[in-house]
Structures are given as C-alpha cells and as structure tokens.
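Undergrad: File follows, structure.csv with CSV, C-alpha atoms:
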chain,number,residue,atom,x,y,z
A,1,MET,CA,16.4,12.9,1.5
A,2,SER,CA,16.9,9.5,0.0
A,3,VAL,CA,15.1,8.4,-3.2
A,4,GLU,CA,14.4,4.9,-4.2
A,5,LYS,CA,16.0,3.5,-7.3
A,6,ARG,CA,15.6,0.1,-8.9
A,7,ALA,CA,18.3,-2.5,-8.6
A,8,TYR,CA,18.8,-5.6,-10.8
A,9,ALA,CA,18.9,-9.1,-9.4
A,10,ALA,CA,19.6,-12.1,-11.6
A,11,SER,CA,17.3,-15.1,-11.8
A,12,GLY,CA,17.9,-17.4,-8.9
A,13,TRP,CA,17.3,-20.6,-10.9
A,14,VAL,CA,20.2,-19.8,-13.4
A,15,MET,CA,22.6,-19.0,-10.6
A,16,LEU,CA,21.4,-22.1,-8.7
A,17,GLY,CA,22.6,-24.2,-11.6
A,18,VAL,CA,25.9,-22.4,-11.7
A,19,VAL,CA,26.5,-22.9,-7.9
A,20,VAL,CA,25.6,-26.6,-8.2
A,21,LEU,CA,28.1,-27.0,-11.0
A,22,GLY,CA,30.7,-25.2,-8.9
A,23,TYR,CA,30.2,-27.7,-6.0
A,24,LEU,CA,30.4,-30.6,-8.4
A,25,ALA,CA,33.6,-29.3,-10.0
A,26,SER,CA,35.3,-28.7,-6.7
A,27,VAL,CA,34.5,-32.2,-5.5
A,28,ALA,CA,35.8,-33.6,-8.8
A,29,LEU,CA,39.0,-31.5,-8.4
A,30,TYR,CA,39.5,-32.8,-4.8
A,31,VAL,CA,39.2,-36.4,-6.0
A,32,ALA,CA,41.7,-35.8,-8.8
A,33,SER,CA,44.1,-34.0,-6.5
A,34,THR,CA,44.0,-37.0,-4.2
A,35,PHE,CA,45.0,-39.4,-6.9
A,36,MET,CA,47.7,-37.1,-8.0
A,37,LEU,CA,49.1,-36.8,-4.5
A,38,ALA,CA,49.0,-40.6,-4.2
A,39,GLY,CA,51.1,-40.9,-7.3
A,40,GLU,CA,54.2,-39.2,-8.4
A,41,SER,CA,52.7,-35.8,-9.4
A,42,VAL,CA,52.8,-34.1,-6.0
A,43,GLY,CA,53.2,-30.6,-7.4
A,44,ARG,CA,50.3,-30.9,-9.8
A,45,GLY,CA,48.2,-32.5,-7.1
A,46,LEU,CA,48.8,-29.5,-4.8
A,47,LEU,CA,47.9,-27.1,-7.5
A,48,VAL,CA,44.7,-29.0,-8.3
A,49,MET,CA,43.8,-29.1,-4.6
A,50,LEU,CA,44.3,-25.3,-4.3
A,51,LEU,CA,42.1,-24.8,-7.4
A,52,ALA,CA,39.4,-27.0,-5.8
A,53,THR,CA,39.6,-25.0,-2.6
A,54,VAL,CA,39.1,-21.7,-4.6
A,55,VAL,CA,36.2,-23.1,-6.5
A,56,MET,CA,34.6,-24.4,-3.3
A,57,THR,CA,35.0,-21.1,-1.5
A,58,ALA,CA,33.6,-19.2,-4.5
A,59,SER,CA,30.6,-21.6,-4.6
A,60,ILE,CA,29.9,-21.1,-0.8
A,61,ILE,CA,30.1,-17.3,-1.2
A,62,CYS,CA,27.8,-17.3,-4.2
A,63,SER,CA,25.3,-19.5,-2.2
A,64,CYS,CA,24.8,-16.5,0.2
A,65,GLY,CA,23.4,-14.4,-2.6
A,66,PHE,CA,20.1,-16.2,-3.0
A,67,PHE,CA,16.9,-14.7,-1.7
A,68,THR,CA,13.2,-14.9,-2.4
A,69,LEU,CA,10.6,-12.1,-2.7
A,70,GLN,CA,6.8,-12.6,-2.4
A,71,PRO,CA,4.3,-10.2,-4.0
A,72,GLY,CA,4.2,-7.0,-2.0
A,73,GLN,CA,7.8,-7.3,-0.8
A,74,ALA,CA,11.0,-5.5,-1.7
A,75,ARG,CA,14.7,-5.9,-0.8
A,76,VAL,CA,16.9,-2.9,-0.1
A,77,CYS,CA,20.5,-3.5,-1.3
A,78,VAL,CA,23.4,-1.8,0.4
A,79,LEU,CA,27.0,-2.6,-0.4
A,80,PHE,CA,29.5,-1.6,2.2
A,81,GLY,CA,27.4,1.3,3.4
A,82,LYS,CA,26.3,2.6,0.0
A,83,TYR,CA,22.7,2.3,-1.1
A,84,VAL,CA,22.7,0.4,-4.4
A,85,GLY,CA,19.0,0.1,-5.1
A,86,THR,CA,15.8,-1.8,-4.3
A,87,VAL,CA,14.8,-5.1,-5.8
A,88,ARG,CA,11.0,-5.6,-6.3
A,89,ASP,CA,11.0,-8.6,-8.7
A,90,GLU,CA,9.3,-11.5,-7.0
A,91,GLY,CA,10.4,-15.1,-7.0
A,92,LEU,CA,13.8,-16.7,-6.5
A,93,ARG,CA,16.5,-14.1,-7.1
A,94,TRP,CA,20.3,-13.8,-6.8
A,95,ALA,CA,22.3,-10.6,-6.0
A,96,ASN,CA,25.7,-9.7,-4.7
A,97,PRO,CA,26.3,-11.9,-1.6
A,98,PHE,CA,28.0,-8.9,0.1
A,99,TYR,CA,24.9,-6.8,0.3
A,100,SER,CA,24.0,-6.0,3.8
A,101,ARG,CA,21.0,-7.8,5.4
A,102,ASN,CA,20.5,-6.1,8.7
A,103,LEU,CA,19.5,-2.6,7.7
A,104,GLY,CA,17.6,-0.2,9.8
A,105,ALA,CA,18.7,-1.5,13.2
A,106,PRO,CA,19.3,1.3,15.8
A,107,SER,CA,22.7,1.4,17.3
A,108,ASP,CA,21.6,1.7,20.9
A,109,ALA,CA,23.7,-0.5,23.0
A,110,GLY,CA,21.1,-1.0,25.7
A,111,THR,CA,18.3,-2.2,23.3
A,112,GLU,CA,17.5,-5.8,23.6
A,113,SER,CA,17.7,-7.6,20.3
A,114,ALA,CA,16.9,-11.1,19.1
A,115,VAL,CA,18.4,-12.4,15.9
A,116,LYS,CA,16.2,-14.6,13.8
A,117,ALA,CA,17.4,-16.6,10.8
A,118,GLY,CA,14.9,-15.9,8.0
A,119,GLU,CA,14.5,-16.9,4.4
A,120,GLY,CA,17.0,-15.1,2.3
A,121,GLY,CA,18.9,-13.3,5.1
A,122,VAL,CA,19.1,-12.4,8.7
A,123,GLU,CA,16.4,-10.3,10.4
A,124,VAL,CA,16.9,-8.4,13.6
A,125,ARG,CA,14.0,-7.7,16.0
A,126,LEU,CA,14.4,-4.6,18.1
A,127,GLY,CA,11.7,-3.4,20.5
A,128,GLY,CA,9.1,-5.6,18.8
A,129,HIS,CA,9.7,-4.3,15.3
A,130,LYS,CA,11.4,-6.3,12.5
A,131,HIS,CA,14.3,-4.8,10.6
A,132,GLY,CA,16.1,-6.4,7.7
A,133,SER,CA,16.9,-6.1,4.0
A,134,LYS,CA,13.4,-7.1,3.2
A,135,ILE,CA,10.6,-4.6,3.6
A,136,SER,CA,6.9,-5.1,3.1
A,137,THR,CA,5.1,-2.8,0.6
A,138,ARG,CA,1.7,-4.2,1.3
A,139,ALA,CA,-1.2,-2.2,2.8
A,140,ARG,CA,-1.2,-2.2,6.6
A,141,THR,CA,-3.5,-0.9,9.3
A,142,TYR,CA,-2.8,0.8,12.5
A,143,ASN,CA,-5.5,1.0,15.1
A,144,GLY,CA,-4.6,3.8,17.4
A,145,GLU,CA,-5.5,3.8,21.1
A,146,ARG,CA,-8.0,6.2,22.6
A,147,ILE,CA,-6.3,9.5,23.6
A,148,LYS,CA,-7.7,12.5,25.5
A,149,VAL,CA,-7.4,15.9,23.8
A,150,ASN,CA,-9.0,19.3,23.9
A,151,ASP,CA,-11.2,20.4,21.1
A,152,LYS,CA,-11.4,23.9,19.7
A,153,MET,CA,-13.6,25.1,22.5
A,154,GLY,CA,-11.2,23.6,25.1
A,155,ASN,CA,-13.5,20.7,26.1
A,156,PRO,CA,-11.7,17.4,26.9
A,157,ILE,CA,-12.7,14.6,24.6
A,158,GLU,CA,-11.7,11.0,23.9
A,159,ILE,CA,-10.8,10.2,20.3
A,160,ALA,CA,-9.2,7.3,18.4
A,161,THR,CA,-8.4,6.6,14.7
A,162,VAL,CA,-7.5,3.8,12.4
A,163,ILE,CA,-5.3,4.4,9.4
A,164,VAL,CA,-4.4,2.3,6.3
A,165,TRP,CA,-0.9,2.9,5.1
A,166,ARG,CA,1.9,1.3,3.0
A,167,VAL,CA,5.5,2.0,2.2
A,168,VAL,CA,6.0,3.5,-1.3
A,169,ASP,CA,9.6,4.6,-1.1
A,170,THR,CA,11.8,2.0,0.6
A,171,ALA,CA,14.9,4.2,0.6
A,172,LYS,CA,13.2,6.9,2.7
A,173,ALA,CA,11.7,4.3,5.0
A,174,ILE,CA,15.0,2.7,5.8
A,175,PHE,CA,17.5,5.6,5.7
A,176,ASP,CA,15.6,8.8,6.5
A,177,VAL,CA,13.9,7.6,9.7
A,178,ASP,CA,15.2,5.3,12.4
A,179,ASP,CA,12.2,3.0,12.7
A,180,TYR,CA,9.4,3.8,10.2
A,181,GLU,CA,6.8,1.7,12.0
A,182,SER,CA,7.3,3.5,15.3
A,183,TYR,CA,7.5,6.8,13.3
A,184,VAL,CA,4.0,6.1,11.8
A,185,GLU,CA,2.5,5.4,15.2
A,186,MET,CA,4.0,8.5,16.8
A,187,ILE,CA,3.0,10.8,13.9
A,188,THR,CA,-0.5,9.4,13.8
A,189,GLU,CA,-1.1,10.3,17.4
A,190,THR,CA,0.5,13.8,16.9
A,191,ALA,CA,-1.6,14.5,13.8
A,192,LEU,CA,-4.8,13.3,15.5
A,193,ARG,CA,-4.2,15.7,18.4
A,194,HIS,CA,-3.6,18.5,16.0
A,195,VAL,CA,-6.7,17.9,13.9
A,196,ALA,CA,-8.9,17.4,16.9
A,197,SER,CA,-7.8,20.8,18.3
A,198,LEU,CA,-8.9,22.6,15.1
A,199,TYR,CA,-12.6,21.7,15.4
A,200,ALA,CA,-15.3,21.8,18.1
A,201,TYR,CA,-16.9,18.6,19.2
A,202,ASP,CA,-20.4,19.9,18.4
A,203,HIS,CA,-22.3,23.1,17.7
A,204,MET,CA,-22.6,25.2,20.8
A,205,GLU,CA,-25.8,26.8,21.8
A,206,ASP,CA,-24.5,30.3,21.1
A,207,ASP,CA,-23.6,29.2,17.6
A,208,ASP,CA,-27.0,27.7,16.7
A,209,THR,CA,-28.4,31.2,15.9
A,210,SER,CA,-25.5,32.4,13.9
A,211,GLU,CA,-25.6,32.6,10.2
A,212,GLY,CA,-22.6,30.3,9.6
A,213,ALA,CA,-23.6,27.6,12.2
A,214,ALA,CA,-24.9,25.2,9.5
A,215,SER,CA,-21.6,25.3,7.6
A,216,THR,CA,-19.3,25.0,10.6
A,217,ILE,CA,-17.3,21.8,10.6
A,218,THR,CA,-17.5,19.8,13.9
A,219,LEU,CA,-16.0,16.5,14.9
A,220,ARG,CA,-19.4,14.9,15.6
A,221,THR,CA,-21.4,16.0,12.6
A,222,ASN,CA,-18.7,16.2,9.9
A,223,ILE,CA,-16.9,12.8,10.1
A,224,GLU,CA,-16.0,12.7,6.4
A,225,GLU,CA,-14.5,16.2,6.4
A,226,VAL,CA,-12.5,15.6,9.6
A,227,SER,CA,-11.2,12.2,8.3
A,228,GLU,CA,-10.1,13.8,5.0
A,229,ALA,CA,-8.3,16.6,7.0
A,230,LEU,CA,-6.6,13.9,9.1
A,231,LYS,CA,-5.5,12.0,5.9
A,232,VAL,CA,-4.0,15.2,4.4
A,233,GLU,CA,-2.1,16.0,7.6
A,234,LEU,CA,-0.7,12.4,7.8
A,235,ASP,CA,0.3,12.5,4.2
A,236,ARG,CA,2.2,15.7,4.7
A,237,ARG,CA,4.0,14.5,7.8
A,238,LEU,CA,4.8,10.9,6.7
A,239,GLU,CA,6.2,11.9,3.3
A,240,ILE,CA,9.7,12.0,4.9
A,241,ALA,CA,9.4,8.3,5.7
A,242,GLY,CA,8.2,7.2,2.3
A,243,VAL,CA,4.8,6.2,3.6
A,244,ASP,CA,1.5,6.8,1.8
A,245,ILE,CA,-1.8,7.0,3.7
A,246,LEU,CA,-4.6,5.1,1.9
A,247,ASP,CA,-7.4,5.9,4.4
A,248,ALA,CA,-7.9,7.5,7.8
A,249,ARG,CA,-11.1,7.2,9.9
A,250,LEU,CA,-12.2,8.1,13.4
A,251,THR,CA,-13.1,5.0,15.4
A,252,HIS,CA,-14.1,6.6,18.7
A,253,LEU,CA,-15.4,10.0,19.6
A,254,ALA,CA,-16.9,11.0,23.0
A,255,TYR,CA,-16.7,13.6,25.7
A,256,ALA,CA,-14.2,12.8,28.5
A,257,GLN,CA,-15.7,11.3,31.6
A,258,GLU,CA,-15.3,14.4,33.7
A,259,ILE,CA,-17.7,16.4,31.5
A,260,ALA,CA,-19.8,13.6,30.0
A,261,GLN,CA,-22.7,13.9,32.5
A,262,ALA,CA,-22.9,17.7,32.1
A,263,MET,CA,-22.9,17.4,28.3
A,264,LEU,CA,-25.5,14.6,28.4
A,265,ARG,CA,-27.8,16.9,30.4
A,266,ARG,CA,-27.2,19.7,27.9
A,267,GLN,CA,-28.2,17.4,25.0
A,268,GLN,CA,-31.3,16.2,26.9
A,269,ALA,CA,-32.3,19.8,27.5
A,270,GLU,CA,-31.9,20.6,23.8
A,271,ALA,CA,-34.0,17.6,22.9
A,272,ILE,CA,-36.7,18.6,25.4
A,273,ILE,CA,-36.7,22.2,24.1
A,274,ALA,CA,-37.0,21.0,20.5
A,275,ALA,CA,-39.9,18.6,21.4
A,276,ARG,CA,-41.7,21.4,23.3
A,277,LYS,CA,-41.3,23.7,20.3
A,278,LYS,CA,-42.9,21.2,18.0
A,279,ILE,CA,-45.8,20.6,20.5
A,280,VAL,CA,-46.5,24.3,20.9
A,281,GLU,CA,-46.5,24.8,17.1
A,282,GLY,CA,-49.0,22.0,16.6
A,283,ALA,CA,-51.2,23.0,19.5
A,284,VAL,CA,-51.5,26.6,18.2
A,285,SER,CA,-52.5,25.3,14.8
A,286,MET,CA,-55.1,23.0,16.3
A,287,VAL,CA,-56.6,25.7,18.5
A,288,ASP,CA,-56.8,28.1,15.6
A,289,MET,CA,-58.5,25.4,13.5
A,290,ALA,CA,-61.0,24.6,16.3
A,291,LEU,CA,-62.0,28.1,17.0
A,292,SER,CA,-62.4,28.9,13.3
A,293,GLN,CA,-64.6,25.8,12.6
A,294,LEU,CA,-66.8,26.5,15.7
A,295,SER,CA,-67.3,30.1,14.7
A,296,GLU,CA,-67.9,29.4,11.0
A,297,GLY,CA,-70.4,26.6,11.7
A,298,GLY,CA,-72.4,28.8,14.1
A,299,VAL,CA,-72.0,26.2,16.9
A,300,VAL,CA,-70.8,28.8,19.4
A,301,ASP,CA,-70.8,32.6,19.2
A,302,PHE,CA,-67.4,33.5,20.7
A,303,ASP,CA,-66.5,36.9,22.0
A,304,ASP,CA,-63.0,37.9,23.0
A,305,ASP,CA,-63.3,36.5,26.5
A,306,ARG,CA,-64.8,33.2,25.4
A,307,LYS,CA,-62.0,32.8,22.7
A,308,ALA,CA,-59.3,33.5,25.4
A,309,VAL,CA,-60.8,30.9,27.8
A,310,MET,CA,-61.3,28.3,25.0
A,311,ALA,CA,-57.7,28.8,23.7
A,312,SER,CA,-56.3,28.6,27.2
A,313,ASN,CA,-58.2,25.3,27.9
A,314,LEU,CA,-57.1,23.8,24.6
A,315,MET,CA,-53.5,24.7,25.1
A,316,VAL,CA,-53.5,23.1,28.5
A,317,VAL,CA,-55.0,19.9,27.2
A,318,LEU,CA,-52.7,19.7,24.1
A,319,CYS,CA,-49.4,20.8,25.8
A,320,GLY,CA,-49.7,19.2,29.2
A,321,ASP,CA,-47.6,16.2,30.2
A,322,SER,CA,-50.4,14.5,32.1
A,323,GLU,CA,-54.0,13.9,31.2
A,324,ALA,CA,-56.3,16.9,31.7
A,325,GLN,CA,-59.1,16.7,34.4
A,326,PRO,CA,-62.2,18.4,33.0
A,327,VAL,CA,-64.3,20.7,35.2
A,328,VAL,CA,-67.9,21.1,34.3
A,329,ASN,CA,-69.2,24.7,34.8
A,330,THR,CA,-73.0,24.6,35.3
A,331,GLY,CA,-73.3,28.4,35.5
A,332,SER,CA,-72.5,31.3,33.2
A,333,LEU,CA,-68.9,32.1,32.2
A,334,TYR,CA,-69.2,35.4,34.1
A,335,GLN,CA,-70.5,34.0,37.4
As a first step, turn the structure in this file into structure tokens.
TA:
Amino acid sequence: MSVEKRAYAASGWVMLGVVVLGYLASVALYVASTFMLAGESVGRGLLVMLLATVVMTASIICSCGFFTLQPGQARVCVLFGKYVGTVRDEGLRWANPFYSRNLGAPSDAGTESAVKAGEGGVEVRLGGHKHGSKISTRARTYNGERIKVNDKMGNPIEIATVIVWRVVDTAKAIFDVDDYESYVEMITETALRHVASLYAYDHMEDDDTSEGAASTITLRTNIEEVSEALKVELDRRLEIAGVDILDARLTHLAYAQEIAQAMLRRQQAEAIIAARKKIVEGAVSMVDMALSQLSEGGVVDFDDDRKAVMASNLMVVLCGDSEAQPVVNTGSLYQ
C-alpha cells in the first residue's frame, strides 16, 4: 500500500521573477545577435542566437511548473512514473515542470474522455469523475440512493444513507484504487447492505416477552447505534483508499411495498392491544373504587351476586366503544 509523503514546492512568486528575467534576457540576446549578424561578427552572432534560443526554451519549460492550490487542495507529484510526494502548501507554487498532471485516469480504451484545461495543469474527466494531479481534501457528502435489502429476520426493507467523507491520504486515493470516488460509492452501498442484514427492522411479537428484548438493537429504534456501526464498517473498508468517514446517518428506513400493508396492520393491532390494556386496567381500578365506596358509605348492601352484576355493568360502560344504553329494572334483581 502507498503512503503519502510531503513534497517541497518553491514559491511561485520568486520563480515568476526568474522566468520573466529569462524571457527578457532571451529577447535581449536575440536583438544583440541580429546586430552581430548584420555586421561582420557572423560567428559570434550565431553563438549569441543559439544562447538566446536555449534561454527562451528553458524559460518556456519553467513556465509549465507553475500551479496554484486553494485551502483544502493537494497536488500529487509523479516524475516519470515514480511517486515523489504531495504538495499541500496553498498559494502560487512552482515545482518540477515534468511532473505528471493526468494521474488516476483508467486505461480503458473504450471510455469516453474529455480533456479540460484547468488552472495549473490538465484535468481529465472520465465517466463523470475528475482526475488530475490536484485532489480535494475537503469534506464531501454522498447521498446514497434507496436500496432494497433483507433485514436479520428476512423481511425486505428500503434503506438509504448519507455519509460525510474526505481524503486523508492522497497517495492511497490515487495509486491504490482506480477511481476513489466510485470506490466510495460502491463500498457505501455494500457496507449498508451488510449492516442492515445484521439487525432486525423492529422488535417482533415473540421477542417482546423475552428478557433481552429491551436491549436488542433494531434498525428503527436504535438509529444512533446502527449509524455508528455503519461508520465503523465504512472506515474499515475505505482505509485502503485513504478515505476517512466523518459521519454516517440513515436517511430513509421503511418496509418494502410488498409487505408494508401487512406490517401496518400488525402495528395497528399492537396499538389497539396496548390501548385496550390501558382501558381495562383503568376500568378495573374504577370498579373496585366504586364498589368500595358504596359499601363503606352504607349506600348499598352488596352481596356476591349484586357485586358481580354491578362490576359487569360498570365494565361494559367503561370499556365499550359506543355509549351504553341504560335499562331501568323496576323489579327485584332476582325476578
């Protein structure tokens, strides 16, 4: 695996003055050689012209070594196929003009490419991704598309994620993978599928009564834990590309359409059961309180049959979905 190392680049302003002096000197030598050729010093004139040509050629070559770096950018320097280092100093810089400037481009003959002249070098676009000697080290976001996967219980679900990442090792990003941007996208989808298959979407009914149900991690109820597991998985897989994951979050989580209706009915049934349970608990408490107060106050002398009838009537009134219709009994309870 490649390891990034720092490369030195001279100040561009100093070299700019040197190059300008070189151009001025070559022009002056050309003018002097012209006067010499016009006179009797033909031999000296040719030598001066040759010297002017050498100075002009050297100035043109040195002019190709200028480049600029903004904050959050780096330039990978490769000399005749050998990695020299990475320049991270911002501003106008100058380096060896023979450093390669179209790094990271795949060698597929059938790939469509468009060459774009950029500041400080030539950048090659392949398949929508930009490759060149410059590489951004700023934080980037990748908003993944919704994908369909199976959770731990085998239920099909739809899930999506967004990650924040940046390049921390330019040498690994350029030399150890073919296209680090496409690599990040592919690994993100693969890691998301893997993490989603490790957890269930939600607590199943048969798990609700188990002792460890409350501590079981699920995709719906433990978003923070699942996101942290996804971040750890991405860090491990993207280390080869010199990429660091700053954050990873789930942006979408739902059952797949083919089982969404069935799961909705299940959730509705669970909600109804929970509500009924609360109603029954409250009704029992109210019936007990009513019977106790009526007996203690001497309002009614209840025997077991009267208590059963009273409890039954109160439970119907308190637990019924519709309003109760009272029936007035003008006779005795036993008639």
Undergrad: Rank nothing, just name the residue among A:Ser312, A:Thr221, A:Thr170, A:Ser133 nearest to Ala241 in chain A, using only C-alpha atoms.
TA: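 When distances to Ala241 in chain A are compared using only C-alpha atoms, the smallest one comes from A:Thr170.
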Undergrad: What does the distance between CA of His252 in chain A and CA of Pro156 in chain A come to in Å, to one decimal place?
TA: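 Interatomic distance here is 13.8 Å.
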Undergrad: Rounded to one decimal in Å, what is the spacing between CA of Leu92 in chain A and CA of Ser59 in chain A?
TA: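 According to the coordinates, CA of Leu92 in chain A and CA of Ser59 in chain A are separated by 17.6 Å.
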Undergrad: At what distance in Å, to one decimal, does CA of His194 in chain A lie from CA of Leu264 in chain A?
TA: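 Interatomic distance here is 25.5 Å.
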Undergrad: Could you give me, as an mmCIF file with C-alpha atoms, in the frame of the given file, the residues that have an atom at most 7 Å away from the point (21.5, -13.3, -1.3) in the coordinates of the file, using all atoms listed in the file?
TA:
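Here's the written file out16.cif:
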data_model
loop_
_atom_site.group_PDB
_atom_site.id
_atom_site.type_symbol
_atom_site.label_atom_id
_atom_site.label_comp_id
_atom_site.auth_asym_id
_atom_site.auth_seq_id
_atom_site.Cartn_x
_atom_site.Cartn_y
_atom_site.Cartn_z
ATOM 1 C CA CYS A 64 24.800 -16.500 0.200
ATOM 2 C CA GLY A 65 23.400 -14.400 -2.600
ATOM 3 C CA PHE A 66 20.100 -16.200 -3.000
ATOM 4 C CA PHE A 67 16.900 -14.700 -1.700
ATOM 5 C CA TRP A 94 20.300 -13.800 -6.800
ATOM 6 C CA ALA A 95 22.300 -10.600 -6.000
ATOM 7 C CA ASN A 96 25.700 -9.700 -4.700
ATOM 8 C CA PRO A 97 26.300 -11.900 -1.600
ATOM 9 C CA GLY A 120 17.000 -15.100 2.300
ATOM 10 C CA GLY A 121 18.900 -13.300 5.100
#
Undergrad: Which one of A:Ile273, A:Ala7, A:Leu50, A:Gly45 sits closest to Arg75 in chain A if you count only C-alpha atoms?
TA: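 Checking each of A:Ile273, A:Ala7, A:Leu50, A:Gly45 against Arg75 in chain A, counting only C-alpha atoms, the winner is A:Ala7.
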Undergrad: Using only C-alpha atoms, find all polymer residues with an atom at most 9 Å away from the point (-10.7, 25.8, 21.1); report them as a PyMOL selection string.
TA: chain A and resi 150-155+197-200
Undergrad: Can you list, as a count of residues only, every protein, DNA or RNA residue that comes within 6 Å of Ile159 in chain A when you count all atoms listed in the file, leaving out same-chain residues fewer than 5 positions away?
TA: 4
Undergrad: Between A:Ala74, A:Val87, A:Ile157, A:Val284, which residue has the minimum interatomic distance to Ser11 in chain A, considering all atoms listed in the file?
TA: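 When distances to Ser11 in chain A are compared using all atoms listed in the file, the smallest one comes from A:Val87.
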